>>> print(open('target.txt').read())   # compact mmCIF, C-alpha atoms and all ligand atoms
# COMPACT_ATOMS: atom_id res chain seq x y z
CA MET O 899 4.32 11.21 -12.59
CA ALA O 900 7.85 10.18 -11.72
CA LEU O 901 9.11 8.27 -14.69
CA VAL O 902 12.84 8.93 -14.66
CA ASN O 903 16.04 7.54 -16.06
CA THR O 904 18.63 6.19 -13.63
CA LYS O 905 21.08 9.13 -13.60
CA LYS O 906 20.04 10.76 -10.35
CA MET O 907 19.35 7.42 -8.64
CA PHE O 908 22.83 6.18 -9.39
CA GLU O 909 24.44 9.47 -8.42
CA MET O 910 22.78 9.31 -4.99
CA ALA O 911 23.26 5.56 -4.60
CA TYR O 912 26.98 5.85 -5.31
CA LYS O 913 27.43 8.86 -3.05
CA ASN O 914 25.50 7.38 -0.15
CA GLY O 915 26.58 3.74 -0.46
CA TYR O 916 23.39 1.94 -1.36
CA ALA O 917 21.95 0.11 -4.37
CA VAL O 918 18.63 0.55 -6.16
CA GLY O 919 16.69 -2.69 -6.62
CA ALA O 920 15.94 -3.62 -10.23
CA PHE O 921 13.06 -6.07 -10.19
CA ASN O 922 11.84 -8.07 -13.19
CA VAL O 923 8.23 -7.66 -14.23
CA ASN O 924 6.33 -10.55 -15.80
CA ASN O 925 2.74 -10.09 -14.71
CA MET O 926 0.37 -7.95 -12.66
CA GLU O 927 0.71 -9.77 -9.33
CA ILE O 928 4.51 -9.63 -9.35
CA THR O 929 4.42 -5.93 -10.19
CA GLN O 930 1.83 -5.14 -7.52
CA GLY O 931 3.84 -7.02 -4.88
CA ILE O 932 6.95 -5.00 -5.79
CA ILE O 933 5.31 -1.58 -5.84
CA LYS O 934 3.40 -2.11 -2.60
CA ALA O 935 6.66 -2.74 -0.78
CA VAL O 936 8.48 0.08 -2.55
CA ALA O 937 5.70 2.62 -1.88
CA GLU O 938 5.53 1.64 1.79
CA LYS O 939 9.29 1.92 2.21
CA LYS O 940 9.62 5.01 0.00
CA ALA O 941 12.44 3.63 -2.11
CA PRO O 942 13.54 4.47 -5.64
CA LEU O 943 12.65 1.72 -8.10
CA ILE O 944 13.83 0.16 -11.35
CA LEU O 945 11.31 -2.11 -13.06
CA GLN O 946 12.76 -4.19 -15.84
CA VAL O 947 11.47 -6.29 -18.69
CA SER O 948 13.41 -9.14 -20.25
CA ARG O 949 13.00 -10.50 -23.75
CA GLY O 950 11.36 -13.54 -22.14
CA ALA O 951 8.86 -11.33 -20.32
CA ARG O 952 8.00 -9.53 -23.51
CA ALA O 953 7.51 -12.83 -25.34
CA TYR O 954 5.29 -14.12 -22.52
CA ALA O 955 3.11 -11.12 -21.76
CA SER O 956 3.68 -8.72 -24.71
CA ILE O 957 5.10 -5.27 -24.33
CA SER O 958 1.72 -3.55 -24.51
CA TYR O 959 0.37 -5.42 -21.48
CA LEU O 960 3.56 -4.93 -19.50
CA LYS O 961 3.75 -1.25 -20.38
CA ALA O 962 0.09 -0.78 -19.39
CA ILE O 963 0.76 -2.36 -15.97
CA ILE O 964 3.91 -0.27 -15.50
CA ASN O 965 2.07 2.91 -16.54
CA VAL O 966 -0.48 2.35 -13.76
CA VAL O 967 2.38 1.93 -11.27
CA ILE O 968 3.92 5.21 -12.42
CA GLU O 969 0.62 7.12 -12.37
CA GLU O 970 -0.38 5.88 -8.93
CA ASN O 971 3.00 6.59 -7.32
CA PRO O 972 4.05 10.14 -8.19
CA ASP O 973 6.39 10.32 -5.17
CA ILE O 974 8.43 7.31 -6.22
CA PRO O 975 11.13 7.79 -8.87
CA ILE O 976 10.68 4.86 -11.25
CA ALA O 977 12.99 3.91 -14.10
CA ILE O 978 12.04 1.26 -16.63
CA ASN O 979 14.80 -0.80 -18.10
CA LEU O 980 15.18 -3.34 -20.89
CA ASP O 981 16.99 -6.27 -19.28
CA HIS O 982 19.61 -8.03 -21.45
CA GLY O 983 18.88 -6.44 -24.81
CA ASP O 984 20.68 -8.63 -27.30
CA ASN O 985 21.18 -6.26 -30.22
CA PHE O 986 20.77 -2.69 -31.43
CA GLU O 987 17.30 -3.27 -32.91
CA THR O 988 15.85 -4.61 -29.64
CA CYS O 989 17.31 -1.68 -27.72
CA LYS O 990 15.97 0.80 -30.28
CA GLN O 991 12.52 -0.73 -30.02
CA PHE O 992 12.45 -0.34 -26.23
CA VAL O 993 13.73 3.25 -26.46
CA ASP O 994 10.95 3.95 -28.96
CA ASP O 995 8.47 2.26 -26.59
CA GLY O 996 9.27 4.80 -23.87
CA PHE O 997 11.72 2.90 -21.68
CA THR O 998 14.10 5.23 -19.83
CA SER O 999 16.99 2.78 -19.69
CA VAL O 1000 18.19 -0.05 -21.90
CA MET O 1001 20.76 -2.72 -21.32
CA ILE O 1002 22.79 -3.83 -24.30
CA ASP O 1003 24.31 -7.17 -23.41
CA ALA O 1004 27.00 -7.88 -25.98
CA SER O 1005 29.30 -9.46 -23.40
CA LYS O 1006 29.53 -12.68 -25.39
CA GLN O 1007 30.99 -10.81 -28.34
CA PRO O 1008 34.67 -9.93 -28.63
CA PHE O 1009 35.71 -6.81 -26.69
CA GLU O 1010 35.90 -4.49 -29.72
CA GLU O 1011 32.51 -5.64 -31.04
CA ASN O 1012 30.96 -5.18 -27.60
CA ILE O 1013 32.26 -1.58 -27.60
CA GLU O 1014 30.99 -0.98 -31.13
CA VAL O 1015 27.40 -2.14 -30.59
CA THR O 1016 27.20 -0.50 -27.16
CA LYS O 1017 28.36 2.80 -28.70
CA LYS O 1018 25.68 2.56 -31.37
CA VAL O 1019 22.98 1.99 -28.73
CA VAL O 1020 24.39 4.87 -26.65
CA GLU O 1021 24.19 7.27 -29.59
CA TYR O 1022 20.55 6.41 -30.26
CA ALA O 1023 19.48 6.29 -26.60
CA HIS O 1024 21.26 9.44 -25.43
CA SER O 1025 19.62 11.52 -28.14
CA ARG O 1026 16.32 10.59 -26.43
CA ASP O 1027 17.44 11.03 -22.82
CA VAL O 1028 17.60 7.27 -22.28
CA VAL O 1029 20.53 5.75 -20.37
CA VAL O 1030 22.46 2.65 -21.35
CA GLU O 1031 23.74 -0.23 -19.24
CA ALA O 1032 26.42 -2.43 -20.82
CA GLU O 1033 28.07 -5.66 -19.68
CA LEU O 1034 31.60 -6.94 -19.41
CA GLY O 1035 32.65 -10.46 -18.45
CA GLN O 1036 30.88 -13.78 -18.46
CA LEU O 1037 28.10 -13.61 -15.96
CA GLY O 1038 27.13 -17.26 -16.09
CA GLY O 1039 23.63 -18.57 -15.54
CA ILE O 1040 20.73 -19.78 -17.57
CA GLU O 1041 21.13 -17.41 -20.50
CA GLU O 1042 24.74 -18.38 -21.04
CA ASP O 1043 24.13 -22.09 -20.41
CA VAL O 1044 26.38 -22.00 -17.38
CA VAL O 1045 24.56 -23.27 -14.33
CA GLY O 1046 26.33 -22.90 -11.01
CA VAL O 1047 29.68 -21.23 -10.70
CA ASP O 1048 32.44 -23.46 -9.35
CA ASP O 1049 35.46 -21.34 -10.18
CA VAL O 1050 34.74 -17.66 -9.59
CA SER O 1051 37.86 -16.56 -11.45
CA LYS O 1052 36.35 -17.80 -14.74
CA HIS O 1053 33.32 -15.57 -14.30
CA VAL O 1054 34.71 -12.13 -13.60
CA ALA O 1055 35.15 -9.00 -15.66
CA ASP O 1056 38.74 -7.98 -16.45
CA PRO O 1057 39.48 -4.80 -14.46
CA ASN O 1058 42.08 -3.83 -17.09
CA GLN O 1059 39.33 -3.46 -19.70
CA VAL O 1060 36.82 -1.32 -17.86
CA VAL O 1061 38.26 2.17 -18.39
CA GLU O 1062 38.75 1.68 -22.13
CA PHE O 1063 35.29 0.12 -22.44
CA VAL O 1064 33.49 2.94 -20.64
CA GLU O 1065 35.43 5.70 -22.40
CA LYS O 1066 34.99 4.26 -25.89
CA SER O 1067 31.39 3.07 -25.57
CA GLY O 1068 30.00 6.01 -23.57
CA CYS O 1069 27.76 3.70 -21.50
CA ASP O 1070 26.13 5.11 -18.34
CA SER O 1071 26.55 2.05 -16.12
CA LEU O 1072 28.37 -1.23 -16.36
CA ALA O 1073 27.33 -4.72 -15.36
CA VAL O 1074 30.48 -6.48 -14.27
CA ALA O 1075 30.64 -10.21 -13.80
CA CYS O 1076 31.84 -10.88 -10.24
CA GLY O 1077 30.99 -14.54 -9.68
CA THR O 1078 27.19 -14.39 -9.72
CA SER O 1079 24.90 -16.14 -12.17
CA HIS O 1080 21.22 -16.07 -13.02
CA GLY O 1081 18.70 -18.47 -11.53
CA ALA O 1082 18.41 -20.57 -8.38
CA TYR O 1083 21.63 -22.60 -8.65
CA LYS O 1084 24.34 -19.99 -8.53
CA PHE O 1085 27.18 -21.84 -6.87
CA LYS O 1086 28.31 -25.44 -7.00
CA THR O 1087 30.08 -25.28 -3.66
CA GLU O 1088 30.23 -22.25 -1.36
CA PRO O 1089 28.77 -18.92 -2.40
CA LYS O 1090 31.62 -16.54 -3.10
CA LEU O 1091 31.85 -13.20 -4.88
CA ALA O 1092 35.05 -11.69 -6.26
CA PHE O 1093 35.14 -8.64 -3.98
CA ASP O 1094 38.78 -8.01 -4.90
CA VAL O 1095 37.70 -7.58 -8.54
CA ILE O 1096 34.77 -5.33 -7.61
CA GLN O 1097 37.12 -3.16 -5.58
CA GLU O 1098 39.72 -2.98 -8.34
CA ILE O 1099 37.05 -1.97 -10.86
CA GLU O 1100 35.61 0.63 -8.53
CA GLU O 1101 39.08 2.12 -8.01
CA LYS O 1102 39.62 2.32 -11.77
CA LEU O 1103 36.20 3.93 -12.33
CA PRO O 1104 35.64 6.19 -9.33
CA GLY O 1105 32.10 7.55 -9.21
CA PHE O 1106 30.91 5.30 -12.03
CA PRO O 1107 27.83 3.14 -11.32
CA LEU O 1108 28.32 -0.63 -11.49
CA VAL O 1109 25.52 -3.18 -11.83
CA MET O 1110 25.23 -6.62 -10.27
CA HIS O 1111 23.18 -9.23 -12.13
CA GLY O 1112 22.22 -12.56 -10.63
CA SER O 1113 21.79 -11.02 -7.19
CA SER O 1114 18.96 -13.14 -5.81
CA SER O 1115 19.66 -14.76 -2.48
CA VAL O 1116 17.49 -17.82 -3.15
CA LEU O 1117 16.01 -17.53 0.31
CA SER O 1118 15.76 -20.85 2.14
CA GLU O 1119 12.37 -19.76 3.49
CA PHE O 1120 10.94 -20.19 -0.03
CA VAL O 1121 13.09 -23.08 -1.24
CA ASP O 1122 12.10 -25.05 1.88
CA LEU O 1123 8.40 -24.35 1.28
CA ILE O 1124 8.74 -25.43 -2.36
CA ASN O 1125 10.49 -28.65 -1.35
CA LYS O 1126 8.03 -29.28 1.50
CA TYR O 1127 5.03 -28.99 -0.81
CA GLY O 1128 6.03 -31.28 -3.64
CA GLY O 1129 8.81 -29.30 -5.30
CA ASP O 1130 12.26 -30.56 -6.06
CA MET O 1131 14.99 -27.95 -5.80
CA PRO O 1132 17.99 -29.63 -4.21
CA ASN O 1133 21.17 -27.58 -3.80
CA ALA O 1134 19.51 -24.29 -4.72
CA MET O 1135 21.90 -21.54 -3.65
CA GLY O 1136 22.02 -17.77 -4.04
CA VAL O 1137 24.12 -14.77 -3.10
CA PRO O 1138 24.13 -14.32 0.69
CA GLU O 1139 22.41 -11.09 1.68
CA GLU O 1140 25.50 -9.83 3.54
CA ALA O 1141 27.40 -10.09 0.25
CA VAL O 1142 24.68 -8.13 -1.57
CA SER O 1143 24.79 -5.41 1.13
CA LYS O 1144 28.59 -5.30 0.93
CA ALA O 1145 28.55 -4.96 -2.88
CA ALA O 1146 25.95 -2.18 -2.60
CA LYS O 1147 28.49 -0.16 -0.61
CA MET O 1148 31.19 -0.73 -3.23
CA GLY O 1149 29.71 1.10 -6.22
CA MET O 1150 27.14 -1.56 -7.22
CA CYS O 1151 24.35 0.98 -7.68
CA LYS O 1152 21.86 -1.39 -9.35
CA VAL O 1153 21.12 -4.88 -8.06
CA ASN O 1154 19.03 -7.19 -10.26
CA ILE O 1155 16.48 -9.49 -8.66
CA ASP O 1156 14.18 -11.86 -10.49
CA THR O 1157 14.63 -15.38 -9.12
CA ASP O 1158 13.66 -14.37 -5.57
CA LEU O 1159 10.35 -13.03 -6.93
CA ARG O 1160 9.69 -16.29 -8.76
CA LEU O 1161 10.53 -18.38 -5.71
CA ALA O 1162 8.27 -16.36 -3.40
CA LEU O 1163 5.31 -16.67 -5.78
CA THR O 1164 5.89 -20.36 -6.47
CA ALA O 1165 6.34 -21.26 -2.79
CA LYS O 1166 3.04 -19.64 -1.79
CA ILE O 1167 1.11 -21.18 -4.67
CA ARG O 1168 2.45 -24.62 -3.79
CA GLN O 1169 1.53 -24.10 -0.16
CA VAL O 1170 -2.06 -23.09 -1.00
CA PHE O 1171 -2.49 -26.03 -3.36
CA ALA O 1172 -1.13 -28.46 -0.76
CA GLU O 1173 -3.23 -27.09 2.07
CA LYS O 1174 -6.40 -26.57 0.02
CA PRO O 1175 -6.42 -29.19 -2.75
CA GLY O 1176 -9.90 -28.05 -3.78
CA GLU O 1177 -8.85 -24.46 -4.47
CA PHE O 1178 -9.48 -23.34 -8.03
CA ASP O 1179 -9.89 -19.58 -7.71
CA PRO O 1180 -6.66 -17.97 -9.00
CA ARG O 1181 -7.17 -15.00 -6.68
CA LYS O 1182 -6.87 -17.35 -3.71
CA TYR O 1183 -3.39 -18.51 -4.67
CA LEU O 1184 -2.04 -15.55 -6.64
CA GLY O 1185 -3.11 -13.24 -3.80
CA PRO O 1186 -0.94 -14.97 -1.16
CA GLY O 1187 1.86 -15.13 -3.76
CA ARG O 1188 1.62 -11.37 -4.25
CA GLU O 1189 1.77 -10.83 -0.47
CA ALA O 1190 4.86 -13.02 -0.21
CA ILE O 1191 6.53 -10.94 -2.93
CA GLN O 1192 5.65 -7.74 -1.10
CA GLU O 1193 7.20 -8.99 2.17
CA MET O 1194 10.29 -10.27 0.41
CA VAL O 1195 10.84 -7.04 -1.54
CA SER O 1196 10.29 -4.97 1.59
CA HIS O 1197 13.06 -6.89 3.33
CA LYS O 1198 15.28 -6.63 0.25
CA LEU O 1199 15.04 -2.83 0.22
CA ASP O 1200 16.64 -2.82 3.68
CA VAL O 1201 19.36 -5.19 2.48
CA LEU O 1202 20.11 -2.83 -0.42
CA GLY O 1203 19.96 0.23 1.81
CA CYS O 1204 17.59 2.12 -0.50
CA ALA O 1205 14.55 2.25 1.83
CA GLY O 1206 13.59 5.86 2.51
CA LYS O 1207 15.70 7.19 -0.39
CA ALA O 1208 12.94 7.97 -2.91
CA ALA O 1209 12.91 11.73 -2.32
CA GLU O 1210 16.66 12.23 -2.80
CA CYS O 1211 16.51 10.36 -6.13
CA MET O 1212 13.80 12.57 -7.68
O1 LIG S 1301 18.17 -12.22 -17.06
C1 LIG S 1301 17.56 -12.95 -16.34
C2 LIG S 1301 16.23 -12.62 -15.85
O2 LIG S 1301 15.92 -13.41 -14.75
C3 LIG S 1301 15.18 -12.72 -16.92
O3 LIG S 1301 14.88 -14.03 -17.20
O4 LIG S 1301 14.63 -14.11 -19.70
O5 LIG S 1301 13.56 -15.84 -18.21
O6 LIG S 1301 12.69 -13.52 -18.29
P1 LIG S 1301 13.89 -14.41 -18.43
P1 LIG S 1302 18.56 -13.50 -10.44
O1 LIG S 1302 18.33 -14.70 -11.28
O2 LIG S 1302 19.63 -13.73 -9.42
O3 LIG S 1302 17.32 -12.96 -9.82
O4 LIG S 1302 19.14 -12.35 -11.42
C1 LIG S 1302 18.27 -11.61 -12.22
C2 LIG S 1302 18.98 -10.78 -13.21
O5 LIG S 1302 20.18 -10.59 -13.18
C3 LIG S 1302 18.16 -10.18 -14.27
O6 LIG S 1302 18.92 -9.53 -15.23
ZN ZN S 1303 20.80 -10.39 -15.66
>>> encode(input="target.txt", output="structure tokens", more="lines below")
Ligand code: G3H
Ligand code: 13P
Ligand code: ZN
Amino acid sequence: MALVNTKKMFEMAYKNGYAVGAFNVNNMEITQGIIKAVAEKKAPLILQVSRGARAYASISYLKAIINVVIEENPDIPIAINLDHGDNFETCKQFVDDGFTSVMIDASKQPFEENIEVTKKVVEYAHSRDVVVEAELGQLGGIEEDVVGVDDVSKHVADPNQVVEFVEKSGCDSLAVACGTSHGAYKFKTEPKLAFDVIQEIEEKLPGFPLVMHGSSSVLSEFVDLINKYGGDMPNAMGVPEEAVSKAAKMGMCKVNIDTDLRLALTAKIRQVFAEKPGEFDPRKYLGPGREAIQEMVSHKLDVLGCAGKAAECM
């Protein structure tokens, strides 16, 4: 049983210049695809559940699936995180449900209010050995109704706020907006991250784990399949993998990936339906989708540099 919080993972990731993949869980096939790759590559793992996932599948089903993953993989350190908790009550509920990490995302609130609510979550979570991720800056993306970043400078955290925020709130890791956004349409023109900002923040918070949201690469392999088999995703664009690898070496200890999972599953399902229009057995299209997720995650673990690092994170 290797249910852990993220402390040791982040300590090792920071020290050794890699990032731990945080993958969003919405159903059994997605989760099985992730863990098969992770177990094969012996990587540390963060599984995370969003409010949307909980609304779709219910926390009891998701927790049951995650519990099987934990029980069957005692050699893999696994943290379970609430993704984008919107208030204290939601965070409290996930702490009480046995999550080992919660994100309080009060980044839309004024700076002082963000500190205040984060501090309240930290006090509750820390008394139960649960770690807290907070967020600074406007990330952009679907949740914030900003689709596609055109001017990176509008979507970055202010490096002059990070020290005060971390000291006053007591958070364990910090998601810093650096030009990424959620979803499959991250950039309007060329994909560009604010590496100067990441570096400045890292210099102000040496040794402190940073988190990158919106890190999917929107792989053309899957977008092309989707478009080939009846989909319509023009101008889909993600974070180039070289940029993700570079950020992982700059203190970004947790890298969030959801969209790439969705694209892999969708692409394979579309392909099966196009090639076998008579197919009606869900196992015959969800199965290939699950395999595509496994291959994609396996590749991603190399991009993040966390393959083979499970043992040192225990
Ligand atoms: O935060 C973004 C994640 O991709 C979760 O998205 O709220 O649709 O589950 P969701
Ligand atoms: P993507 O949409 O790039 O996969 O980002 C997911 C995320 O940040 C979840 O919190
Ligand atoms: Zn996010």
>>> closest_residue(input="target.txt", among="O:Glu1033, O:Asp1070, O:Glu987, O:Asp1056", to="Val1020 in chain O", atoms="only C-alpha atoms")
O:Asp1070
>>> closest_residue(input="target.txt", among="O:Met1110, O:Ala900, O:Ala941, O:Cys1069", to="ligand ZN 1303 (chain S)", atoms="all atoms listed in the file")
O:Met1110
>>> residues_near_ligand(input="target.txt", ligand="ligand LIG 1302 (chain S)", cutoff="6 Å", atoms="only C-alpha atoms and all ligand atoms", output="list in words")
Asp981, His1080, Gly1081, His1111, Gly1112, Ser1113, Ser1114, Asn1154, Ile1155, Asp1156, Thr1157 and Asp1158 of chain O
>>> residues_near_ligand(input="target.txt", ligand="ligand ZN 1303 (chain S)", cutoff="12 Å", atoms="only C-alpha atoms and all ligand atoms", output="VMD selection string")
chain O and resid 920 to 922 946 to 950 979 to 984 1001 to 1003 1005 1031 to 1034 1036 to 1042 1072 to 1075 1078 to 1081 1109 to 1114 1152 to 1157
>>> atom_distance(input="target.txt", atom1="CA of Phe986 in chain O", atom2="CA of Ala1023 in chain O")
10.3 Å
>>> atom_distance(input="target.txt", atom1="CA of His1197 in chain O", atom2="CA of Gly915 in chain O")
17.6 Å
>>> residues_around(input="target.txt", residues="Ala953 in chain O", least_positions_apart="6", cutoff="12 Å", atoms="all atoms listed in the file", output="short mmCIF file (atom, residue, chain, number, x, y, z; two decimals) with C-alpha atoms, in the coordinates of the input")
data_model
loop_
_atom_site.label_atom_id
_atom_site.label_comp_id
_atom_site.auth_asym_id
_atom_site.auth_seq_id
_atom_site.Cartn_x
_atom_site.Cartn_y
_atom_site.Cartn_z
CA ASN O 924 6.33 -10.55 -15.80
CA ASN O 925 2.74 -10.09 -14.71
CA VAL O 947 11.47 -6.29 -18.69
CA TYR O 959 0.37 -5.42 -21.48
CA LEU O 960 3.56 -4.93 -19.50
#
>>> closest_residue(input="target.txt", among="O:Glu1101, O:Cys1151, O:Ala1162, O:Ser999", to="Gly1203 in chain O", atoms="only C-alpha atoms")
O:Cys1151
>>> atom_distance(input="target.txt", atom1="CA of Asp1179 in chain O", atom2="CA of Ala962 in chain O")
24.3 Å
>>> residues_around(input="target.txt", residues="Val918 in chain O", least_positions_apart="3", cutoff="12 Å", atoms="only C-alpha atoms", output="ChimeraX atom specification")
/O:904-912,914-915,921,936,940-945,975-977,1107-1110,1142-1143,1145-1147,1149-1155,1195,1198-1208,1211
>>> axis_aligned_box(input="target.txt", around="range 931-949 of chain O", padding_each_side="3 Å", output="AutoDock Vina command-line options")
--center_x 8.6 --center_y -2.7 --center_z -10.8 --size_x 16.4 --size_y 21.5 --size_z 32.0
>>> closest_residue(input="target.txt", among="O:Glu970, O:Asp1094, O:Asp994, O:Glu1021", to="Gly1077 in chain O", atoms="all atoms listed in the file")
O:Asp1094
>>> residues_around(input="target.txt", residues="Glu1098 in chain O", least_positions_apart="3", cutoff="12 Å", atoms="all atoms listed in the file", output="list in words")
Val1054, Ala1055, Asp1056, Pro1057, Asn1058, Gln1059, Val1060, Val1061, Val1074, Cys1076, Ala1092, Phe1093, Asp1094, Val1095, Glu1101, Lys1102, Leu1103, Pro1104, Met1148 and Gly1149 of chain O
>>> closest_residue(input="target.txt", among="O:Ala1209, O:Ile1096, O:Val1116, O:Leu901", to="Leu1159 in chain O", atoms="only C-alpha atoms")
O:Val1116
>>> residues_around(input="target.txt", residues="Gln1192 in chain O", least_positions_apart="5", cutoff="7 Å", atoms="all atoms listed in the file", output="PDB file with C-alpha atoms, in the coordinates of the input")
ATOM      1  CA  GLY O 931       3.840  -7.020  -4.880  1.00  0.00           C
ATOM      2  CA  ILE O 932       6.950  -5.000  -5.790  1.00  0.00           C
ATOM      3  CA  LYS O 934       3.400  -2.110  -2.600  1.00  0.00           C
ATOM      4  CA  ALA O 935       6.660  -2.740  -0.780  1.00  0.00           C
TER       5      ALA O 935
END
>>> closest_residue(input="target.txt", among="O:Ser958, O:Asp973, O:Met926, O:Gly1136", to="Glu938 in chain O", atoms="all atoms listed in the file")
O:Asp973
>>> residues_around(input="target.txt", residues="Gly1128 in chain O", least_positions_apart="2", cutoff="12 Å", atoms="all atoms listed in the file", output="PyMOL selection string")
chain O and resi 1121-1126+1130-1131+1164-1165+1167-1173
>>> decode(input="target.txt", residues="range 1135-1151 of chain O", atoms="N, CA and C atoms", output="PDB file, in the first residue's frame")
ATOM      1  N   MET O1135      -3.968  23.224 -30.335  1.00  0.00           N
ATOM      2  CA  MET O1135      -2.530  23.441 -30.088  1.00  0.00           C
ATOM      3  C   MET O1135      -2.219  23.318 -28.601  1.00  0.00           C
ATOM      4  N   GLY O1136      -1.141  22.587 -28.296  1.00  0.00           N
ATOM      5  CA  GLY O1136      -0.770  22.407 -26.895  1.00  0.00           C
ATOM      6  C   GLY O1136       0.628  22.905 -26.594  1.00  0.00           C
ATOM      7  N   VAL O1137       1.127  22.507 -25.436  1.00  0.00           N
ATOM      8  CA  VAL O1137       2.466  22.925 -25.009  1.00  0.00           C
ATOM      9  C   VAL O1137       3.473  21.946 -25.617  1.00  0.00           C
ATOM     10  N   PRO O1138       4.425  22.429 -26.420  1.00  0.00           N
ATOM     11  CA  PRO O1138       5.385  21.489 -27.015  1.00  0.00           C
ATOM     12  C   PRO O1138       6.096  20.672 -25.929  1.00  0.00           C
ATOM     13  N   GLU O1139       6.374  19.428 -26.243  1.00  0.00           N
ATOM     14  CA  GLU O1139       6.966  18.559 -25.209  1.00  0.00           C
ATOM     15  C   GLU O1139       8.332  19.044 -24.734  1.00  0.00           C
ATOM     16  N   GLU O1140       9.088  19.682 -25.623  1.00  0.00           N
ATOM     17  CA  GLU O1140      10.410  20.214 -25.188  1.00  0.00           C
ATOM     18  C   GLU O1140      10.196  21.272 -24.111  1.00  0.00           C
ATOM     19  N   ALA O1141       9.113  22.046 -24.241  1.00  0.00           N
ATOM     20  CA  ALA O1141       8.842  23.088 -23.235  1.00  0.00           C
ATOM     21  C   ALA O1141       8.442  22.458 -21.901  1.00  0.00           C
ATOM     22  N   VAL O1142       7.696  21.351 -21.976  1.00  0.00           N
ATOM     23  CA  VAL O1142       7.299  20.652 -20.739  1.00  0.00           C
ATOM     24  C   VAL O1142       8.553  20.094 -20.051  1.00  0.00           C
ATOM     25  N   SER O1143       9.437  19.477 -20.842  1.00  0.00           N
ATOM     26  CA  SER O1143      10.685  18.924 -20.282  1.00  0.00           C
ATOM     27  C   SER O1143      11.529  20.029 -19.656  1.00  0.00           C
ATOM     28  N   LYS O1144      11.593  21.161 -20.342  1.00  0.00           N
ATOM     29  CA  LYS O1144      12.404  22.283 -19.841  1.00  0.00           C
ATOM     30  C   LYS O1144      11.843  22.791 -18.512  1.00  0.00           C
ATOM     31  N   ALA O1145      10.517  22.950 -18.456  1.00  0.00           N
ATOM     32  CA  ALA O1145       9.876  23.427 -17.212  1.00  0.00           C
ATOM     33  C   ALA O1145      10.110  22.448 -16.067  1.00  0.00           C
ATOM     34  N   ALA O1146      10.095  21.143 -16.406  1.00  0.00           N
ATOM     35  CA  ALA O1146      10.297  20.114 -15.376  1.00  0.00           C
ATOM     36  C   ALA O1146      11.665  20.246 -14.707  1.00  0.00           C
ATOM     37  N   LYS O1147      12.613  20.823 -15.440  1.00  0.00           N
ATOM     38  CA  LYS O1147      13.968  20.991 -14.879  1.00  0.00           C
ATOM     39  C   LYS O1147      14.111  22.317 -14.146  1.00  0.00           C
ATOM     40  N   MET O1148      13.023  23.103 -14.131  1.00  0.00           N
ATOM     41  CA  MET O1148      13.099  24.442 -13.530  1.00  0.00           C
ATOM     42  C   MET O1148      12.211  24.566 -12.294  1.00  0.00           C
ATOM     43  N   GLY O1149      12.036  23.479 -11.579  1.00  0.00           N
ATOM     44  CA  GLY O1149      11.250  23.541 -10.340  1.00  0.00           C
ATOM     45  C   GLY O1149       9.777  23.226 -10.505  1.00  0.00           C
ATOM     46  N   MET O1150       9.318  22.949 -11.738  1.00  0.00           N
ATOM     47  CA  MET O1150       7.925  22.521 -11.946  1.00  0.00           C
ATOM     48  C   MET O1150       7.853  21.035 -11.588  1.00  0.00           C
ATOM     49  N   CYS O1151       7.535  20.749 -10.338  1.00  0.00           N
ATOM     50  CA  CYS O1151       7.606  19.369  -9.845  1.00  0.00           C
ATOM     51  C   CYS O1151       6.354  18.570 -10.154  1.00  0.00           C
TER      52      CYS O1151
END
